[in-house]
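For reference, protein.txt (compact mmCIF, C-alpha atoms and all ligand atoms):
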# COMPACT_ATOMS: atom_id res chain seq x y z
CA MET A 1 -101.93 101.26 -32.66
CA GLU A 2 -100.54 104.33 -34.39
CA ASP A 3 -97.12 105.58 -33.31
CA ILE A 4 -97.40 108.40 -30.77
CA LEU A 5 -94.22 110.05 -32.05
CA VAL A 6 -92.53 109.91 -35.44
CA VAL A 7 -89.19 111.67 -35.83
CA GLU A 8 -87.65 111.99 -39.28
CA GLY A 9 -84.32 113.45 -40.31
CA LEU A 10 -84.05 115.60 -37.22
CA THR A 11 -80.90 117.72 -37.37
CA LYS A 12 -79.40 120.42 -35.14
CA THR A 13 -75.95 121.90 -35.52
CA PHE A 14 -74.14 124.21 -33.12
CA GLY A 15 -71.55 126.23 -34.98
CA GLY A 16 -70.66 123.49 -37.43
CA LEU A 17 -70.96 120.62 -34.97
CA ALA A 18 -73.95 118.36 -35.59
CA ALA A 19 -75.29 117.64 -32.11
CA VAL A 20 -78.25 115.77 -33.65
CA LYS A 21 -77.80 114.47 -37.18
CA GLU A 22 -80.52 113.00 -39.41
CA VAL A 23 -82.13 111.25 -36.47
CA SER A 24 -85.20 109.18 -37.32
CA PHE A 25 -87.18 106.89 -35.03
CA ARG A 26 -90.69 105.99 -34.00
CA VAL A 27 -92.29 105.53 -30.62
CA ARG A 28 -95.23 103.22 -30.08
CA PRO A 29 -97.77 104.34 -27.48
CA ASN A 30 -97.56 103.00 -23.92
CA VAL A 31 -93.98 101.82 -24.02
CA ILE A 32 -90.82 102.80 -22.23
CA LYS A 33 -88.28 103.62 -24.91
CA ALA A 34 -84.75 104.28 -23.70
CA ILE A 35 -82.35 106.61 -25.47
CA ILE A 36 -78.76 105.82 -24.60
CA GLY A 37 -75.35 106.87 -25.82
CA PRO A 38 -72.04 108.20 -24.56
CA ASN A 39 -71.74 111.73 -23.16
CA GLY A 40 -72.19 114.32 -25.89
CA ALA A 41 -74.17 111.90 -28.09
CA GLY A 42 -76.99 114.42 -28.48
CA LYS A 43 -79.57 112.96 -26.10
CA THR A 44 -80.39 116.15 -24.23
CA THR A 45 -80.36 118.18 -27.44
CA LEU A 46 -82.90 115.75 -28.87
CA PHE A 47 -85.19 116.44 -25.89
CA ASP A 48 -84.58 120.18 -26.28
CA LEU A 49 -85.72 119.96 -29.90
CA LEU A 50 -88.80 117.90 -29.07
CA THR A 51 -89.85 120.36 -26.36
CA GLY A 52 -89.27 123.47 -28.46
CA LEU A 53 -86.31 124.87 -26.49
CA TYR A 54 -84.17 124.69 -29.62
CA ARG A 55 -85.27 125.15 -33.19
CA ALA A 56 -84.28 122.27 -35.47
CA ASP A 57 -82.28 122.95 -38.63
CA ARG A 58 -84.38 120.41 -40.45
CA GLY A 59 -86.49 117.34 -39.95
CA ARG A 60 -89.95 116.48 -38.73
CA ALA A 61 -91.42 115.45 -35.42
CA ILE A 62 -95.02 114.29 -35.58
CA PHE A 63 -96.67 113.89 -32.18
CA GLN A 64 -100.11 112.26 -32.24
CA GLY A 65 -100.41 113.16 -35.90
CA LYS A 66 -99.36 116.80 -35.48
CA GLU A 67 -96.10 118.51 -36.43
CA ILE A 68 -94.53 119.97 -33.28
CA LEU A 69 -91.28 121.41 -34.62
CA GLY A 70 -91.47 125.19 -34.68
CA LEU A 71 -94.08 125.37 -31.91
CA GLN A 72 -93.42 127.30 -28.71
CA PRO A 73 -92.58 125.16 -25.64
CA HIS A 74 -95.89 125.94 -23.91
CA ARG A 75 -97.82 124.87 -27.01
CA ILE A 76 -95.94 121.58 -27.12
CA ALA A 77 -96.60 121.09 -23.41
CA ALA A 78 -100.29 121.76 -23.97
CA LEU A 79 -100.36 119.10 -26.69
CA GLY A 80 -99.19 116.58 -24.10
CA ILE A 81 -95.40 116.39 -23.89
CA ALA A 82 -93.72 116.90 -20.50
CA ARG A 83 -90.10 116.55 -19.46
CA THR A 84 -87.67 116.60 -16.60
CA PHE A 85 -84.19 118.08 -16.82
CA GLN A 86 -80.78 116.53 -16.35
CA THR A 87 -80.10 119.00 -13.55
CA VAL A 88 -82.89 119.15 -10.97
CA ARG A 89 -85.09 122.22 -11.31
CA VAL A 90 -87.50 122.30 -8.40
CA PHE A 91 -88.47 125.58 -6.76
CA PRO A 92 -86.58 125.16 -3.45
CA GLU A 93 -88.48 127.79 -1.43
CA MET A 94 -91.89 126.42 -2.34
CA THR A 95 -93.42 123.41 -0.64
CA VAL A 96 -93.44 120.03 -2.32
CA ARG A 97 -97.17 120.39 -3.00
CA GLU A 98 -96.76 123.88 -4.44
CA ASN A 99 -94.17 122.56 -6.87
CA VAL A 100 -96.70 120.06 -8.19
CA MET A 101 -99.34 122.79 -8.36
CA VAL A 102 -97.08 124.63 -10.79
CA GLY A 103 -97.61 121.71 -13.16
CA LEU A 104 -101.34 121.67 -12.47
CA HIS A 105 -101.68 125.40 -13.14
CA HIS A 106 -101.03 124.74 -16.80
CA ARG A 107 -104.29 122.83 -16.83
CA ALA A 108 -106.43 124.98 -14.54
CA ARG A 109 -109.07 127.03 -16.35
CA ALA A 110 -109.64 129.98 -14.03
CA GLY A 111 -107.24 132.83 -14.65
CA MET A 112 -105.17 134.59 -12.05
CA PHE A 113 -107.77 137.33 -11.57
CA ALA A 114 -110.50 134.85 -10.74
CA SER A 115 -108.29 133.15 -8.18
CA ALA A 116 -107.34 136.44 -6.59
CA LEU A 117 -110.98 137.50 -6.22
CA ARG A 118 -111.99 134.08 -4.91
CA PHE A 119 -114.70 133.52 -7.45
CA PRO A 120 -116.57 130.30 -6.74
CA ARG A 121 -115.15 128.52 -9.75
CA ALA A 122 -111.65 129.43 -8.67
CA ARG A 123 -112.36 128.05 -5.20
CA ARG A 124 -113.62 124.78 -6.66
CA GLU A 125 -110.51 124.65 -8.72
CA GLU A 126 -108.32 125.16 -5.69
CA ALA A 127 -109.91 122.17 -3.98
CA TRP A 128 -109.43 120.17 -7.14
CA MET A 129 -105.77 121.16 -7.32
CA TRP A 130 -105.26 120.19 -3.70
CA GLU A 131 -106.58 116.68 -4.36
CA GLU A 132 -104.78 116.32 -7.66
CA SER A 133 -101.43 117.40 -6.31
CA LEU A 134 -101.65 114.80 -3.55
CA ALA A 135 -102.48 112.13 -6.12
CA TYR A 136 -99.37 112.92 -8.14
CA LEU A 137 -97.20 113.01 -5.04
CA ASP A 138 -98.64 109.64 -4.10
CA MET A 139 -97.55 108.25 -7.48
CA VAL A 140 -93.91 109.01 -6.69
CA GLY A 141 -94.15 108.21 -2.98
CA LEU A 142 -93.83 111.78 -1.72
CA GLU A 143 -97.30 112.38 -0.27
CA MET A 144 -95.92 112.44 3.28
CA GLN A 145 -93.59 115.29 2.31
CA ALA A 146 -96.31 117.49 0.77
CA GLU A 147 -95.91 120.40 3.19
CA ASN A 148 -92.11 120.31 3.43
CA ARG A 149 -89.96 122.83 1.66
CA ALA A 150 -88.84 121.33 -1.66
CA GLY A 151 -85.27 122.46 -1.10
CA SER A 152 -85.11 120.45 2.14
CA LEU A 153 -85.72 117.14 0.34
CA PRO A 154 -82.79 114.81 -0.27
CA PHE A 155 -81.54 114.97 -3.85
CA GLY A 156 -83.20 111.73 -4.96
CA GLN A 157 -86.60 112.93 -3.76
CA GLN A 158 -86.17 116.26 -5.55
CA ARG A 159 -85.79 114.25 -8.75
CA LEU A 160 -89.01 112.39 -7.96
CA LEU A 161 -90.74 115.69 -7.25
CA GLU A 162 -89.75 116.89 -10.69
CA VAL A 163 -91.32 113.76 -12.16
CA ALA A 164 -94.53 114.45 -10.20
CA ARG A 165 -94.62 118.05 -11.43
CA ALA A 166 -94.19 116.87 -15.03
CA LEU A 167 -96.98 114.31 -14.57
CA ALA A 168 -99.27 117.03 -13.21
CA THR A 169 -99.42 118.55 -16.68
CA ALA A 170 -101.24 115.33 -17.74
CA PRO A 171 -98.83 114.40 -20.55
CA ARG A 172 -99.25 111.60 -23.07
CA LEU A 173 -95.49 111.52 -23.57
CA LEU A 174 -92.98 112.01 -20.76
CA LEU A 175 -89.30 112.73 -21.47
CA LEU A 176 -86.98 111.85 -18.58
CA ASP A 177 -83.38 113.11 -18.84
CA GLU A 178 -81.13 110.94 -16.68
CA PRO A 179 -83.61 110.57 -13.82
CA ALA A 180 -81.39 108.08 -11.96
CA ALA A 181 -78.30 110.31 -11.93
CA GLY A 182 -77.12 110.69 -8.36
CA LEU A 183 -79.55 108.12 -6.98
CA ASN A 184 -78.37 105.15 -4.93
CA ASP A 185 -79.20 101.56 -5.91
CA TYR A 186 -82.31 101.41 -3.76
CA GLU A 187 -83.64 104.74 -5.07
CA THR A 188 -82.89 103.67 -8.64
CA ARG A 189 -84.91 100.48 -8.26
CA GLU A 190 -87.78 102.47 -6.77
CA LEU A 191 -87.55 104.89 -9.68
CA GLY A 192 -87.77 101.96 -12.10
CA GLU A 193 -91.00 100.81 -10.45
CA ILE A 194 -92.40 104.34 -10.61
CA ILE A 195 -91.56 104.68 -14.32
CA LYS A 196 -93.24 101.35 -15.05
CA ARG A 197 -96.33 102.51 -13.14
CA ILE A 198 -96.37 105.71 -15.18
CA ARG A 199 -96.25 103.66 -18.37
CA ASP A 200 -98.98 101.34 -17.10
CA GLY A 201 -101.07 104.44 -16.41
CA GLY A 202 -101.07 105.19 -20.14
CA VAL A 203 -98.14 107.60 -20.44
CA THR A 204 -95.47 106.82 -23.03
CA VAL A 205 -91.96 107.34 -21.66
CA LEU A 206 -88.76 108.34 -23.42
CA LEU A 207 -85.96 107.61 -20.99
CA VAL A 208 -82.47 109.05 -21.38
CA GLU A 209 -80.38 107.17 -18.88
CA HIS A 210 -76.83 106.02 -18.21
CA ASP A 211 -77.75 103.37 -15.67
CA MET A 212 -77.77 100.35 -17.96
CA ALA A 213 -79.22 98.00 -15.36
CA LEU A 214 -82.25 100.29 -15.13
CA VAL A 215 -82.49 100.76 -18.91
CA MET A 216 -82.25 97.07 -19.69
CA SER A 217 -84.74 96.05 -17.00
CA ILE A 218 -87.63 98.41 -17.73
CA SER A 219 -87.42 99.39 -21.44
CA GLU A 220 -89.33 97.74 -24.25
CA GLU A 221 -87.13 99.43 -26.85
CA VAL A 222 -83.74 101.11 -26.91
CA LEU A 223 -82.40 103.72 -29.31
CA VAL A 224 -78.66 104.30 -29.32
CA LEU A 225 -77.12 107.62 -30.31
CA ASP A 226 -73.44 108.31 -30.90
CA HIS A 227 -72.06 111.61 -32.16
CA GLY A 228 -75.60 112.77 -32.90
CA GLU A 229 -76.53 109.78 -35.03
CA VAL A 230 -78.65 106.69 -34.48
CA ILE A 231 -76.27 103.73 -34.44
CA SER A 232 -78.65 101.05 -33.19
CA GLU A 233 -82.26 100.44 -32.29
CA GLY A 234 -84.11 97.41 -30.98
CA THR A 235 -84.97 95.46 -27.89
CA PRO A 236 -82.57 95.75 -24.95
CA GLU A 237 -81.19 92.33 -25.88
CA GLU A 238 -80.63 93.26 -29.54
CA VAL A 239 -78.94 96.52 -28.69
CA ARG A 240 -76.74 95.02 -26.00
CA ASN A 241 -75.32 92.55 -28.52
CA ASP A 242 -74.93 94.99 -31.39
CA PRO A 243 -71.23 95.31 -32.32
CA ARG A 244 -71.70 99.02 -33.16
CA VAL A 245 -73.01 99.67 -29.67
CA ILE A 246 -70.25 97.69 -28.03
CA GLU A 247 -67.73 99.70 -30.04
CA ALA A 248 -69.30 103.04 -29.08
CA TYR A 249 -69.13 102.01 -25.44
CA LEU A 250 -65.64 100.56 -25.71
CA GLY A 251 -64.05 100.48 -22.30
CA THR A 252 -67.36 100.80 -20.53
CA GLU A 253 -69.55 97.91 -19.51
CA ILE A 254 -73.08 97.63 -20.88
CA GLY A 255 -75.78 96.09 -18.79
CA ALA A 256 -73.54 95.55 -15.79
N1 LIG B 301 -76.24 125.19 -26.54
C1 LIG B 301 -75.20 124.54 -27.10
N2 LIG B 301 -74.23 125.21 -27.76
C2 LIG B 301 -73.20 124.56 -28.33
N3 LIG B 301 -73.03 123.24 -28.29
C3 LIG B 301 -73.96 122.50 -27.63
C4 LIG B 301 -75.09 123.10 -27.01
N4 LIG B 301 -75.83 122.13 -26.44
C5 LIG B 301 -75.20 120.97 -26.70
N5 LIG B 301 -74.08 121.18 -27.42
C6 LIG B 301 -73.16 120.15 -27.92
O1 LIG B 301 -73.92 119.19 -28.59
C7 LIG B 301 -73.41 117.89 -28.34
C8 LIG B 301 -74.50 117.03 -27.73
O2 LIG B 301 -74.74 117.48 -26.41
P1 LIG B 301 -75.90 116.87 -25.52
O3 LIG B 301 -77.16 116.85 -26.31
O4 LIG B 301 -75.91 117.60 -24.25
O5 LIG B 301 -75.38 115.38 -25.30
P2 LIG B 301 -75.82 114.27 -24.25
O6 LIG B 301 -77.05 114.75 -23.57
O7 LIG B 301 -76.04 113.04 -25.06
O8 LIG B 301 -74.66 114.11 -23.31
C9 LIG B 301 -72.19 118.05 -27.44
O9 LIG B 301 -71.05 118.06 -28.25
C10 LIG B 301 -72.45 119.40 -26.81
O10 LIG B 301 -71.22 120.02 -26.47
MG MG B 302 -77.46 115.08 -21.57

Mind turning the file's structure into structure tokens?
Ligand SMILES: Nc1ncnc2c1ncn2[C@@H]1O[C@H](COP(=O)(O)OP(=O)(O)O)[C@@H](O)[C@H]1O
Ligand SMILES: [Mg+2]
Amino acid sequence: MEDILVVEGLTKTFGGLAAVKEVSFRVRPNVIKAIIGPNGAGKTTLFDLLTGLYRADRGRAIFQGKEILGLQPHRIAALGIARTFQTVRVFPEMTVRENVMVGLHHRARAGMFASALRFPRARREEAWMWEESLAYLDMVGLEMQAENRAGSLPFGQQRLLEVARALATAPRLLLLDEPAAGLNDYETRELGEIIKRIRDGGVTVLLVEHDMALVMSISEEVLVLDHGEVISEGTPEEVRNDPRVIEAYLGTEIGA
């Protein structure tokens, strides 16, 4: 099958510092591909470039055959790329369900005016959104919390809520930025199962993550960045044994 994402020579500098430097890689559809690397390696910046938050200095990013660099974030989202952020960004005063509906709204066809006037189509759409939002909450195990205030959820569940909201935009490619950060061992294992289920449901996953046990257990492929550059790429086993990777992680344990 054709690669879902092809990145070539992607480069972004911040005042002379190359945060992402000539990065090239490919992503096959329906895999979990991890992106790892020490702090400051350029992982988040890479996601920011792929989602249109930053403009690349040069390079290409072809998603499902279409160049996405230079497009506005909402255009890229509409093409089928969703993400979560390293720091949780749920709307704390809204309910859990309403947070997911924010993701769904990007897909709903009736405009705000129609909803306000309760046109029949808008009402149908509301019922549809109700059902859909529950389905996405079910995928991350939060359906019982649907009517709770998002801000009242424990931290780990707020992260899962963000995943559900991203899924509600019906992406083909999901970018997860350190989803296991701050989760305990049990929550991390649960998260791993959820990410695998997402992949099995036909969504390709790019996973930025520091938890090597999680990365090594669920990823088909691993890309390693250091100082903005790709230093290794391969299966978890290949990458784990790559001397360049071991050097970059010197003093830290890989796959512990
Ligand atoms: N908006 C910005 N302005 C200046 N420097 C930035 C900005 N964003 C990231 N950087 C720098 O780019 C490098 C890569 O950062 P980042 O992509 O956040 O790394 P990672 O996510 O791998 O920890 C770091 O040196 C960081 O300080
Ligand atoms: Mg980061």

### Message
To check your reading of the model: which residues sit at most 10 Å from ligand LIG 301 (chain B) when counting all atoms listed in the file? Write the answer as a PyMOL selection string.
### Response
chain A and resi 12-20+35-49+54+86+177-178+208-210+225-228

## Note on the structure
Correct to one decimal, the distance CA of Met144 in chain A-CA of Thr204 in chain A is 26.9 Å

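Between CA of Arg107 in chain A and CA of Pro92 in chain A there is a distance of 22.3 Å.
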
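Across the model, the gap from CA of Asp138 in chain A to CA of Ser152 in chain A is 18.4 Å.
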
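Among the candidates A:Leu176, A:Ile4, A:Ile194, A:Leu183, the one nearest to ligand MG 302 (chain B) when counting only C-alpha atoms and all ligand atoms is A:Leu176.
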
### Query
Hey, which of A:Leu206, A:Leu214, A:Val245, A:Ala127 ends up closest to Arg28 in chain A? Count only C-alpha atoms.
A:Leu206

#### Entry: Who sits within 8 Å of range 68-75 of chain A, only C-alpha atoms, same chain under 5 positions skipped, as a ChimeraX atom specification
/A:49-53,55-56,60-63

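Comparing the minimum interatomic distances between ligand MG 302 (chain B) and each of A:Ala164, A:Ala135, A:Ala181, A:Ile195, counting only C-alpha atoms and all ligand atoms, we find that A:Ala181 sits nearest.
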
### Task
Tell me, as an MDAnalysis selection string, which residues lie within 9 Å of Ala77 in chain A, counting all atoms listed in the file; anything in the same chain fewer than 5 positions away does not count.
chainID A and resid 51 72 82:83 106 169 171

### Message
Using all atoms listed in the file, can you tell me which of A:Gly141, A:Pro29, A:Gly156, A:Pro179 comes closest to ligand MG 302 (chain B)?
### Response
A:Pro179

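Residue nearest ligand MG 302 (chain B) within the list A:Thr87, A:Val230, A:Leu174, A:Val239: A:Thr87 [criterion: smallest interatomic distance, all atoms listed in the file].
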
### Query
Taking all atoms listed in the file into account, which of A:Asn148, A:Asn241, A:Thr188, A:Gln64 comes nearest Leu160 in chain A?
A:Thr188

### Query
Could you pull the residues within 12 Å of Glu238 in chain A, counting all atoms listed in the file, minus those fewer than 3 positions along the same chain, as a list in words?
Met216, Glu220, Glu221, Val222, Leu223, Val224, Ser232, Glu233, Gly234, Thr235, Asn241, Asp242, Pro243, Arg244, Val245 and Ile246 of chain A

#### Entry: Selection as an NGL selection string: residues within 6 Å of (-100.7, 117.3, -8.5), counting only C-alpha atoms
:A and (100-101 or 104 or 132-136 or 168)

### Trp130 in chain A environment, 12 Å, all atoms listed in the file, sequence neighbours closer than 6 positions dropped, as a count of residues only
18
